[in-house]
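*Asks:* Got a structure for you, model11.cif, holding mmCIF, C-alpha atoms.
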data_protein
loop_
_atom_site.label_atom_id
_atom_site.label_comp_id
_atom_site.auth_asym_id
_atom_site.auth_seq_id
_atom_site.Cartn_x
_atom_site.Cartn_y
_atom_site.Cartn_z
CA MET A 1 119.04 149.48 26.05
CA ALA A 2 117.13 150.35 29.24
CA ASP A 3 114.14 148.31 28.09
CA ALA A 4 116.35 145.29 27.39
CA LYS A 5 117.93 145.60 30.82
CA ARG A 6 114.51 145.74 32.50
CA ARG A 7 113.41 142.66 30.57
CA ASN A 8 116.52 140.77 31.67
CA VAL A 9 115.95 141.75 35.29
CA ARG A 10 112.32 140.62 35.00
CA ARG A 11 113.39 137.28 33.51
CA VAL A 12 115.91 136.71 36.29
CA ALA A 13 113.33 137.59 38.94
CA LEU A 14 110.68 135.32 37.43
CA GLY A 15 113.24 132.52 37.05
CA THR A 16 114.28 132.89 40.69
CA VAL A 17 110.66 132.80 41.87
CA ALA A 18 109.93 129.76 39.69
CA ALA A 19 113.01 127.94 41.00
CA GLY A 20 112.01 128.74 44.58
CA LEU A 21 108.48 127.44 44.06
CA ALA A 22 109.80 124.30 42.39
CA TRP A 23 112.10 123.67 45.36
CA LEU A 24 109.29 124.23 47.87
CA LEU A 25 107.02 121.75 46.08
CA ALA A 26 109.68 119.21 45.11
CA VAL A 27 108.98 116.16 47.27
CA TRP A 28 108.77 112.59 46.03
CA PRO A 29 106.55 110.68 46.09
CA PRO A 30 103.85 113.37 46.20
CA PRO A 31 101.71 113.51 49.36
CA VAL A 32 98.69 111.96 47.64
CA TRP A 33 100.72 108.75 47.20
CA TRP A 34 100.46 108.05 50.94
CA ARG A 35 96.67 107.66 50.80
CA ASP A 36 97.09 103.95 50.11
CA HIS A 37 100.82 103.25 50.35
CA TRP A 38 103.10 102.71 53.34
CA PRO A 39 106.69 104.00 53.44
CA ARG A 40 109.48 101.44 53.29
CA CYS A 41 112.19 103.97 54.11
CA THR A 42 112.00 107.66 55.06
CA ALA A 43 114.38 110.58 54.71
CA MET A 44 114.96 110.53 58.48
CA MET A 45 115.79 106.82 58.46
CA ARG A 46 118.27 107.34 55.62
CA LEU A 47 119.85 110.24 57.49
CA ARG A 48 120.36 108.15 60.63
CA ALA A 49 121.77 105.29 58.56
CA ASP A 50 124.14 107.68 56.77
CA ARG A 51 125.45 108.99 60.08
CA ARG A 52 125.90 105.47 61.39
CA THR A 53 127.85 104.33 58.33
CA GLY A 54 129.73 107.60 57.82
CA GLY A 55 128.52 107.93 54.23
CA PRO A 56 127.33 111.10 52.50
CA ALA A 57 123.73 112.21 53.02
CA GLY A 58 121.32 110.17 50.94
CA SER A 59 123.82 107.43 50.18
CA VAL A 60 121.87 104.66 51.94
CA SER A 61 119.36 102.85 49.74
CA GLN A 62 116.00 101.50 50.87
CA SER A 63 117.60 98.11 51.36
CA GLY A 64 119.86 99.69 53.99
CA CYS A 65 116.96 100.95 56.09
CA PRO A 66 115.64 98.93 59.02
CA PRO A 67 112.30 97.21 58.42
CA LEU A 68 109.18 99.22 59.18
CA HIS A 69 106.08 97.60 60.63
CA PRO A 70 103.15 99.90 59.77
CA SER A 71 100.33 100.13 62.28
CA PRO A 72 96.86 100.92 60.86
CA VAL A 73 94.96 103.30 63.09
CA GLN A 74 92.62 100.46 64.12
CA ARG A 75 95.59 98.70 65.78
CA ILE A 76 96.85 101.80 67.56
CA PRO A 77 95.19 101.96 70.98
CA PRO A 78 93.12 105.12 71.48
CA VAL A 79 95.04 105.81 74.68
CA LEU A 80 98.30 106.13 72.71
CA GLN A 81 96.66 108.33 70.08
CA ARG A 82 95.33 110.60 72.82
CA MET A 83 98.65 110.73 74.72
CA VAL A 84 100.58 111.64 71.56
CA ILE A 85 98.13 114.41 70.69
CA ILE A 86 98.35 115.75 74.25
CA GLY A 87 102.12 115.62 74.22
CA GLU A 88 102.89 116.71 70.67
CA ASP A 89 100.07 118.72 69.10
CA SER A 90 97.04 119.59 71.21
CA ARG A 91 95.17 121.21 68.31
CA PHE A 92 95.91 118.43 65.82
CA ARG A 93 92.25 117.77 65.06
CA THR A 94 91.43 121.41 64.34
CA HIS A 95 94.41 122.98 62.54
CA HIS A 96 95.26 122.55 58.85
CA GLY A 97 98.87 121.43 59.09
CA ILE A 98 100.42 124.38 60.89
CA ASP A 99 99.37 125.92 64.20
CA PRO A 100 99.43 129.74 64.08
CA GLU A 101 99.02 130.00 67.86
CA GLU A 102 102.08 127.85 68.48
CA ILE A 103 104.11 129.79 65.92
CA ALA A 104 103.10 133.12 67.48
CA ASP A 105 104.05 131.81 70.92
CA ALA A 106 107.36 130.42 69.68
CA ILE A 107 108.52 133.71 68.15
CA GLY A 108 107.18 135.83 71.02
CA LEU A 109 104.14 137.54 69.49
CA ASP A 110 102.11 136.55 72.56
CA ARG A 111 104.48 138.55 74.79
CA GLY A 112 103.45 141.94 73.47
CA LYS A 113 106.12 142.33 70.82
CA GLY A 114 105.34 143.72 67.41
CA VAL A 115 105.56 141.45 64.39
CA LEU A 116 108.89 142.73 63.06
CA PRO A 117 110.68 142.89 66.46
CA ALA A 118 109.42 139.38 67.28
CA ILE A 119 110.65 137.99 63.96
CA ALA A 120 114.01 139.73 64.39
CA ALA A 121 114.41 138.33 67.92
CA ALA A 122 113.42 134.86 66.72
CA TRP A 123 116.02 135.06 63.93
CA ARG A 124 118.77 136.01 66.39
CA ARG A 125 118.02 132.95 68.55
CA ARG A 126 116.97 130.65 65.72
CA ASP A 127 119.38 127.90 66.80
CA ARG A 128 117.65 127.73 70.19
CA LEU A 129 114.08 128.36 69.03
CA ARG A 130 111.80 125.44 69.77
CA GLY A 131 110.14 123.84 66.81
CA ALA A 132 106.43 124.61 67.33
CA SER A 133 105.90 121.75 64.87
CA THR A 134 102.57 120.03 64.49
CA ILE A 135 102.21 116.29 64.03
CA THR A 136 101.69 116.93 60.31
CA GLN A 137 104.90 118.96 60.12
CA GLN A 138 106.77 116.20 61.93
CA LEU A 139 105.42 113.68 59.44
CA ALA A 140 106.62 115.93 56.59
CA LYS A 141 110.05 116.11 58.21
CA ASN A 142 110.24 112.35 58.71
CA LEU A 143 109.09 111.45 55.21
CA TYR A 144 110.98 114.03 53.18
CA LEU A 145 113.36 116.29 55.09
CA SER A 146 115.81 116.44 58.01
CA PRO A 147 115.91 117.72 61.61
CA SER A 148 117.77 120.89 60.56
CA ARG A 149 116.51 124.17 62.05
CA ASN A 150 117.39 126.09 58.88
CA PRO A 151 114.53 128.59 58.24
CA LEU A 152 114.25 127.56 54.59
CA ARG A 153 113.96 123.91 55.64
CA LYS A 154 111.25 124.89 58.13
CA LEU A 155 109.41 126.78 55.38
CA LYS A 156 109.49 123.72 53.13
CA GLU A 157 108.27 121.61 56.05
CA ALA A 158 105.29 123.94 56.55
CA VAL A 159 104.39 123.92 52.84
CA THR A 160 104.67 120.12 52.72
CA ALA A 161 102.50 119.83 55.84
CA LEU A 162 99.76 121.89 54.16
CA ARG A 163 99.94 119.60 51.14
CA LEU A 164 99.71 116.50 53.35
CA GLU A 165 96.61 117.94 55.05
CA LEU A 166 94.99 118.54 51.66
CA ALA A 167 95.76 115.01 50.48
CA LEU A 168 95.17 112.89 53.60
CA SER A 169 92.66 112.49 56.41
CA LYS A 170 93.65 113.24 60.00
CA ASP A 171 93.54 109.53 60.89
CA ARG A 172 95.83 108.71 57.97
CA ILE A 173 98.30 111.42 58.99
CA LEU A 174 98.32 110.14 62.57
CA GLU A 175 98.79 106.47 61.64
CA LEU A 176 101.60 107.35 59.22
CA TYR A 177 103.33 109.48 61.84
CA LEU A 178 103.10 106.83 64.55
CA SER A 179 104.37 104.20 62.10
CA VAL A 180 107.49 106.10 60.95
CA ALA A 181 108.45 108.20 63.97
CA GLU A 182 111.75 107.58 65.72
CA TRP A 183 111.31 106.30 69.28
CA GLY A 184 114.95 105.59 70.11
CA PRO A 185 118.20 104.52 68.45
CA GLY A 186 117.20 102.04 65.76
CA ILE A 187 113.56 101.98 66.93
CA TRP A 188 111.11 103.15 64.25
CA GLY A 189 107.35 103.05 64.67
CA ALA A 190 105.07 102.64 67.67
CA ASP A 191 104.84 98.86 67.33
CA ALA A 192 108.62 98.44 67.51
CA ALA A 193 108.78 100.84 70.47
CA SER A 194 106.11 99.02 72.48
CA ARG A 195 107.91 95.71 71.99
CA ALA A 196 111.41 97.09 72.61
CA TYR A 197 110.63 99.03 75.77
CA PHE A 198 107.75 97.08 77.34
CA ASP A 199 107.75 93.69 75.61
CA VAL A 200 104.07 94.00 74.70
CA SER A 201 102.25 94.29 71.38
CA LEU A 202 100.97 97.74 70.45
CA PRO A 203 97.27 97.15 71.27
CA ARG A 204 98.19 96.00 74.80
CA LEU A 205 99.83 99.24 75.95
CA ASP A 206 98.47 100.59 79.22
CA GLU A 207 98.13 104.27 80.16
CA GLN A 208 101.56 104.67 81.75
CA GLN A 209 103.30 102.92 78.89
CA ALA A 210 101.42 104.98 76.29
CA ALA A 211 102.30 108.20 78.12
CA ALA A 212 105.94 107.12 78.30
CA LEU A 213 106.05 106.57 74.54
CA ALA A 214 104.44 109.97 73.93
CA ALA A 215 106.99 111.58 76.26
CA THR A 216 109.83 109.91 74.36
CA LEU A 217 108.94 111.46 70.99
CA PRO A 218 110.50 114.94 71.40
CA GLN A 219 113.98 113.59 72.19
CA PRO A 220 113.99 109.85 71.49
CA ARG A 221 117.76 109.53 71.34
CA THR A 222 118.61 111.45 74.51
CA SER A 223 115.86 110.41 76.94
CA ASN A 224 113.74 107.28 76.57
CA PRO A 225 112.58 104.43 78.84
CA ALA A 226 115.96 102.71 78.52
CA TYR A 227 118.39 105.65 78.50
CA ARG A 228 118.53 108.68 80.81
CA ALA A 229 114.84 108.32 81.57
CA GLU A 230 114.52 111.23 84.02
CA ARG A 231 113.38 113.85 81.51
CA MET A 232 111.08 111.37 79.79
CA LEU A 233 109.51 110.42 83.15
CA ALA A 234 108.93 114.07 84.08
CA ARG A 235 107.18 114.71 80.78
CA ARG A 236 105.27 111.42 81.06
CA ASN A 237 103.84 112.52 84.41
CA LEU A 238 102.64 115.82 82.95
CA ILE A 239 101.00 114.06 79.99
CA LEU A 240 99.28 111.61 82.35
CA ALA A 241 98.04 114.48 84.52
CA ARG A 242 96.59 116.25 81.50
CA TYR A 243 95.03 113.00 80.27
CA GLN A 244 93.36 112.58 83.67
CA GLY A 245 91.83 116.04 83.42
CA ARG A 246 94.19 118.06 85.61
CA ASP A 247 94.95 121.59 84.50
CA VAL A 248 98.73 121.36 84.14
CA TYR A 249 101.14 123.16 81.87
CA ILE A 250 103.17 120.93 79.58
CA PRO A 251 106.24 122.96 78.67
CA PRO A 252 108.44 122.81 75.61
CA ALA A 253 110.40 119.58 75.78
CA GLU A 254 113.71 121.34 76.41
CA GLU A 255 112.25 122.89 79.59
CA THR A 256 110.81 119.68 81.02
CA ASP A 257 113.81 119.00 83.25
CA SER A 258 113.33 122.34 85.03
CA ILE A 259 109.70 121.66 86.02
CA PRO A 260 109.30 120.09 89.50
CA VAL A 261 107.19 116.96 89.04
CA PRO A 262 107.23 113.76 91.10
CA ILE A 263 109.01 110.73 89.68
CA VAL A 264 106.71 107.74 89.90
CA SER A 265 107.47 104.04 89.98
CA PRO A 266 109.96 102.71 87.40
CA LEU A 267 108.66 101.58 84.04
CA LEU A 268 108.40 97.91 83.31
CA GLY A 269 110.26 96.52 80.34
CA PRO A 270 113.51 94.89 79.29
CA PRO A 271 116.67 95.94 81.14
CA PRO A 272 118.38 99.03 79.66
CA GLU A 273 121.57 97.13 78.84
CA SER A 274 119.59 94.90 76.46
CA LEU A 275 118.73 97.84 74.18
CA PRO A 276 121.13 99.40 71.65
CA VAL A 277 122.07 102.97 72.48
CA GLU A 278 123.93 105.18 70.01
CA PRO A 279 125.48 108.60 70.68
CA PRO A 280 122.65 111.15 70.90
CA ALA A 281 121.96 113.53 68.05
CA PRO A 282 119.91 116.75 68.32
CA VAL A 283 116.34 116.66 67.04
CA ASP A 284 113.48 119.14 66.79
CA THR A 285 111.26 119.63 69.81
CA VAL A 286 107.66 120.72 70.18
CA ARG A 287 105.33 121.84 72.97
CA ASP A 288 101.76 121.15 73.86
CA THR A 289 99.05 122.55 76.08
CA THR A 290 95.63 120.89 76.08
CA THR A 291 93.82 117.66 75.36
CA THR A 292 91.99 117.15 72.09
CA PRO A 293 89.36 114.52 71.22
CA VAL A 294 90.56 111.70 69.00
CA ASP A 295 87.36 111.39 66.98
CA SER A 296 87.85 111.59 63.23
CA THR A 297 86.39 114.40 61.24
#
Could you express the structure from this file as structure tokens?
*Replies:*
Amino acid sequence: MADAKRRNVRRVALGTVAAGLAWLLAVWPPPVWWRDHWPRCTAMMRLRADRRTGGPAGSVSQSGCPPLHPSPVQRIPPVLQRMVIIGEDSRFRTHHGIDPEEIADAIGLDRGKGVLPAIAAAWRRRDRLRGASTITQQLAKNLYLSPSRNPLRKLKEAVTALRLELALSKDRILELYLSVAEWGPGIWGADAASRAYFDVSLPRLDEQQAAALAATLPQPRTSNPAYRAERMLARRNLILARYQGRDVYIPPAEETDSIPVPIVSPLLGPPPESLPVEPPAPVDTVRDTTTTPVDST
């Protein structure tokens, strides 16, 4: 009887582990698909469309998603690539999908705490914990997941990011991210953002415009060039300063409005009232620290 009970416990444990692994790896299409295919609709686009229509999650089909205009890396100006890496993921070219230094900083390991106390403190304030997400993790979230801060969702995001790094080159990850990222209500992809905010094609972006787009990424629905631009402008100025070689600290996006930085001349582009603005929804945020070369490896 005891042996049978142990066998049943072992079967349940193995089944639970197998189900957990299957859930962690269950994304469709698999990451390797994106080597030579462009998305037509992403999980994040469907989520926004569901909220707009009031339907259940996942109820919007691909035909209900706004059109995407992919931008091959050759069409994305190097200045925008550099600004986004500065603003979103300074070690993008050197990490393998997740950034251990950012994770340690986010949970407080760099402040002298032990591992277990730091994890416990991070769990208690998990709803306020900044994302520490890399560009690859953000791509995983956009393609497959949601902006939820649920720890299990974050774990799946990290596993999916590692799989994307194994399947794709850094340039491919960057061009996919810039082509599917949300830049404002109803604005998906860098090409759409450059036209909506500045009325220029993507390759014609100048430094200030590129920095503004990079500064919009952490909170595209609550601060962008057309809506409550103050926080975006403050972050834009820090990104520009770092791009120009100044040793400045670029804080987590949620702290940007507490950093004293000068507000420079207004951005050029269409008047704010000409752009659609929907009620803001919370999204993940990230932080950055240093510049990183854009050269491919």
*Asks:* Counting all atoms listed in the file, which of A:Trp38, A:Trp28, A:Tyr243, A:Phe92 gets nearest to Leu68 (chain A)?
*Replies:*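 The answer is A:Trp38, which sits nearest to Leu68 (chain A).
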*Asks:* Could you write out as a VMD selection string the residues that the PyMOL selection byres ((chain A and resi 73-76) around 8) matches in the shown file?
*Replies:* chain A and resid 71 to 72 77 to 78 80 to 81 171 to 172 174 to 175 202 to 203
*Asks:* Can you tell me how far CA of Leu162 (chain A) sits from CA of Met45 (chain A), in Å to one decimal?
*Replies:*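 CA of Met45 (chain A) lies at a distance of 22.4 Å from CA of Leu162 (chain A).
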*Asks:* What is the CA of Ser146 (chain A) to CA of Met44 (chain A) distance in Å?
*Replies:*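 Distance between the two atoms: 6.0 Å.
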*Asks:* Give the answer as one residue: which of A:Ala181, A:Ile86, A:Cys65, A:Leu25 has the shortest atom-to-atom distance to Leu164 (chain A), using all atoms listed in the file?
*Replies:*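 Once distances to Leu164 (chain A) are computed over all atoms listed in the file, the minimum belongs to A:Leu25.
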*Asks:* What does the distance from CA of Val27 (chain A) to CA of Ala43 (chain A) come to in Å, to one decimal?
*Replies:*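 Going from CA of Val27 (chain A) over to CA of Ala43 (chain A), I get 10.8 Å.
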*Asks:* On this structure, which residues satisfy the PyMOL selection byres ((chain A and resi 185-194) around 10), written as number ranges by chain?
*Replies:* A: 45, 48-49, 65-71, 75-76, 80, 175-184, 195-205, 209-210, 212-214, 216, 220-222, 224-225, 269, 275-281
*Asks:* Next, the residues of the selection above should be written as a PDB file, in the coordinates of the input with C-alpha atoms.
*Replies:*
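The resulting out38.pdb:
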ATOM      1  CA  MET A  45     115.790 106.820  58.460  1.00  0.00           C
ATOM      2  CA  ARG A  48     120.360 108.150  60.630  1.00  0.00           C
ATOM      3  CA  ALA A  49     121.770 105.290  58.560  1.00  0.00           C
ATOM      4  CA  CYS A  65     116.960 100.950  56.090  1.00  0.00           C
ATOM      5  CA  PRO A  66     115.640  98.930  59.020  1.00  0.00           C
ATOM      6  CA  PRO A  67     112.300  97.210  58.420  1.00  0.00           C
ATOM      7  CA  LEU A  68     109.180  99.220  59.180  1.00  0.00           C
ATOM      8  CA  HIS A  69     106.080  97.600  60.630  1.00  0.00           C
ATOM      9  CA  PRO A  70     103.150  99.900  59.770  1.00  0.00           C
ATOM     10  CA  SER A  71     100.330 100.130  62.280  1.00  0.00           C
ATOM     11  CA  ARG A  75      95.590  98.700  65.780  1.00  0.00           C
ATOM     12  CA  ILE A  76      96.850 101.800  67.560  1.00  0.00           C
ATOM     13  CA  LEU A  80      98.300 106.130  72.710  1.00  0.00           C
ATOM     14  CA  GLU A 175      98.790 106.470  61.640  1.00  0.00           C
ATOM     15  CA  LEU A 176     101.600 107.350  59.220  1.00  0.00           C
ATOM     16  CA  TYR A 177     103.330 109.480  61.840  1.00  0.00           C
ATOM     17  CA  LEU A 178     103.100 106.830  64.550  1.00  0.00           C
ATOM     18  CA  SER A 179     104.370 104.200  62.100  1.00  0.00           C
ATOM     19  CA  VAL A 180     107.490 106.100  60.950  1.00  0.00           C
ATOM     20  CA  ALA A 181     108.450 108.200  63.970  1.00  0.00           C
ATOM     21  CA  GLU A 182     111.750 107.580  65.720  1.00  0.00           C
ATOM     22  CA  TRP A 183     111.310 106.300  69.280  1.00  0.00           C
ATOM     23  CA  GLY A 184     114.950 105.590  70.110  1.00  0.00           C
ATOM     24  CA  ARG A 195     107.910  95.710  71.990  1.00  0.00           C
ATOM     25  CA  ALA A 196     111.410  97.090  72.610  1.00  0.00           C
ATOM     26  CA  TYR A 197     110.630  99.030  75.770  1.00  0.00           C
ATOM     27  CA  PHE A 198     107.750  97.080  77.340  1.00  0.00           C
ATOM     28  CA  ASP A 199     107.750  93.690  75.610  1.00  0.00           C
ATOM     29  CA  VAL A 200     104.070  94.000  74.700  1.00  0.00           C
ATOM     30  CA  SER A 201     102.250  94.290  71.380  1.00  0.00           C
ATOM     31  CA  LEU A 202     100.970  97.740  70.450  1.00  0.00           C
ATOM     32  CA  PRO A 203      97.270  97.150  71.270  1.00  0.00           C
ATOM     33  CA  ARG A 204      98.190  96.000  74.800  1.00  0.00           C
ATOM     34  CA  LEU A 205      99.830  99.240  75.950  1.00  0.00           C
ATOM     35  CA  GLN A 209     103.300 102.920  78.890  1.00  0.00           C
ATOM     36  CA  ALA A 210     101.420 104.980  76.290  1.00  0.00           C
ATOM     37  CA  ALA A 212     105.940 107.120  78.300  1.00  0.00           C
ATOM     38  CA  LEU A 213     106.050 106.570  74.540  1.00  0.00           C
ATOM     39  CA  ALA A 214     104.440 109.970  73.930  1.00  0.00           C
ATOM     40  CA  THR A 216     109.830 109.910  74.360  1.00  0.00           C
ATOM     41  CA  PRO A 220     113.990 109.850  71.490  1.00  0.00           C
ATOM     42  CA  ARG A 221     117.760 109.530  71.340  1.00  0.00           C
ATOM     43  CA  THR A 222     118.610 111.450  74.510  1.00  0.00           C
ATOM     44  CA  ASN A 224     113.740 107.280  76.570  1.00  0.00           C
ATOM     45  CA  PRO A 225     112.580 104.430  78.840  1.00  0.00           C
ATOM     46  CA  GLY A 269     110.260  96.520  80.340  1.00  0.00           C
ATOM     47  CA  LEU A 275     118.730  97.840  74.180  1.00  0.00           C
ATOM     48  CA  PRO A 276     121.130  99.400  71.650  1.00  0.00           C
ATOM     49  CA  VAL A 277     122.070 102.970  72.480  1.00  0.00           C
ATOM     50  CA  GLU A 278     123.930 105.180  70.010  1.00  0.00           C
ATOM     51  CA  PRO A 279     125.480 108.600  70.680  1.00  0.00           C
ATOM     52  CA  PRO A 280     122.650 111.150  70.900  1.00  0.00           C
ATOM     53  CA  ALA A 281     121.960 113.530  68.050  1.00  0.00           C
TER      54      ALA A 281
END
*Asks:* Residue by residue, what does the PyMOL selection byres ((chain A and resi 141) around 9) grab here? Present the result as a PDB file with C-alpha atoms, keeping the file's coordinate frame.
*Replies:*
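File written: part30.pdb
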ATOM      1  CA  ALA A  43     114.380 110.580  54.710  1.00  0.00           C
ATOM      2  CA  MET A  44     114.960 110.530  58.480  1.00  0.00           C
ATOM      3  CA  THR A 136     101.690 116.930  60.310  1.00  0.00           C
ATOM      4  CA  GLN A 137     104.900 118.960  60.120  1.00  0.00           C
ATOM      5  CA  GLN A 138     106.770 116.200  61.930  1.00  0.00           C
ATOM      6  CA  LEU A 139     105.420 113.680  59.440  1.00  0.00           C
ATOM      7  CA  ALA A 140     106.620 115.930  56.590  1.00  0.00           C
ATOM      8  CA  ASN A 142     110.240 112.350  58.710  1.00  0.00           C
ATOM      9  CA  LEU A 143     109.090 111.450  55.210  1.00  0.00           C
ATOM     10  CA  TYR A 144     110.980 114.030  53.180  1.00  0.00           C
ATOM     11  CA  LEU A 145     113.360 116.290  55.090  1.00  0.00           C
ATOM     12  CA  SER A 146     115.810 116.440  58.010  1.00  0.00           C
ATOM     13  CA  PRO A 147     115.910 117.720  61.610  1.00  0.00           C
ATOM     14  CA  LYS A 154     111.250 124.890  58.130  1.00  0.00           C
ATOM     15  CA  GLU A 157     108.270 121.610  56.050  1.00  0.00           C
ATOM     16  CA  THR A 160     104.670 120.120  52.720  1.00  0.00           C
ATOM     17  CA  ALA A 161     102.500 119.830  55.840  1.00  0.00           C
TER      18      ALA A 161
END
*Asks:* Choose the residue, out of A:Arg11, A:Lys170, A:Arg231, A:Arg246, that has the smallest atom-to-atom separation from His95 (chain A); count all atoms listed in the file.
*Replies:*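 That would be A:Lys170, the residue with the smallest distance to His95 (chain A).
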*Asks:* Restricting the calculation to only C-alpha atoms: of A:Val17, A:Arg235, A:Ser148, A:Glu207, which residue gets closest to Leu47 (chain A)?
*Replies:*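 Of A:Val17, A:Arg235, A:Ser148, A:Glu207, the one nearest Leu47 (chain A) is A:Ser148, counting only C-alpha atoms.
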*Asks:* Give me the residues within 8 Å of Ile239 (chain A) as a VMD selection string, counting all atoms listed in the file and dropping any in the same chain fewer than 3 places off.
*Replies:* chain A and resid 83 86 to 87 211 215 235 to 236 242 to 243 250
*Asks:* Working from the structure I just supplied, which lacks atoms in region 176-196 of chain A, can you model N, CA and C atoms there and output them as a short mmCIF file (atom, residue, chain, number, x, y, z; two decimals), in the frame of the given file?
*Replies:*
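Ended up saving to selection38.cif:
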data_model
loop_
_atom_site.label_atom_id
_atom_site.label_comp_id
_atom_site.auth_asym_id
_atom_site.auth_seq_id
_atom_site.Cartn_x
_atom_site.Cartn_y
_atom_site.Cartn_z
N LEU A 176 100.30 107.28 59.89
CA LEU A 176 101.60 107.35 59.22
C LEU A 176 102.67 107.86 60.18
N TYR A 177 102.35 108.92 60.91
CA TYR A 177 103.33 109.48 61.84
C TYR A 177 103.74 108.46 62.90
N LEU A 178 102.77 107.79 63.49
CA LEU A 178 103.10 106.83 64.55
C LEU A 178 103.83 105.61 64.00
N SER A 179 103.70 105.36 62.71
CA SER A 179 104.37 104.20 62.10
C SER A 179 105.80 104.49 61.66
N VAL A 180 106.14 105.78 61.45
CA VAL A 180 107.49 106.10 60.95
C VAL A 180 108.31 106.91 61.93
N ALA A 181 107.72 107.36 63.03
CA ALA A 181 108.45 108.20 63.97
C ALA A 181 109.59 107.42 64.62
N GLU A 182 110.62 108.17 65.00
CA GLU A 182 111.75 107.58 65.72
C GLU A 182 111.45 107.59 67.21
N TRP A 183 111.61 106.42 67.85
CA TRP A 183 111.31 106.30 69.28
C TRP A 183 112.56 105.95 70.09
N GLY A 184 113.69 105.91 69.45
CA GLY A 184 114.95 105.59 70.11
C GLY A 184 115.94 105.14 69.06
N PRO A 185 117.20 104.96 69.43
CA PRO A 185 118.20 104.52 68.45
C PRO A 185 117.82 103.19 67.80
N GLY A 186 117.57 103.24 66.50
CA GLY A 186 117.20 102.04 65.76
C GLY A 186 115.78 101.58 65.96
N ILE A 187 114.95 102.37 66.64
CA ILE A 187 113.56 101.98 66.93
C ILE A 187 112.64 102.91 66.15
N TRP A 188 111.97 102.37 65.14
CA TRP A 188 111.11 103.15 64.25
C TRP A 188 109.70 102.60 64.30
N GLY A 189 108.75 103.45 64.63
CA GLY A 189 107.35 103.05 64.67
C GLY A 189 106.91 102.65 66.07
N ALA A 190 105.62 102.90 66.34
CA ALA A 190 105.07 102.64 67.67
C ALA A 190 105.09 101.16 68.02
N ASP A 191 104.86 100.29 67.04
CA ASP A 191 104.84 98.86 67.33
C ASP A 191 106.22 98.39 67.79
N ALA A 192 107.27 98.82 67.10
CA ALA A 192 108.62 98.44 67.51
C ALA A 192 108.95 99.00 68.88
N ALA A 193 108.49 100.23 69.18
CA ALA A 193 108.78 100.84 70.47
C ALA A 193 108.10 100.11 71.61
N SER A 194 106.83 99.72 71.41
CA SER A 194 106.11 99.02 72.48
C SER A 194 106.76 97.68 72.79
N ARG A 195 107.26 97.01 71.77
CA ARG A 195 107.91 95.71 71.99
C ARG A 195 109.30 95.89 72.59
N ALA A 196 110.05 96.90 72.12
CA ALA A 196 111.41 97.09 72.61
C ALA A 196 111.44 97.53 74.07
#
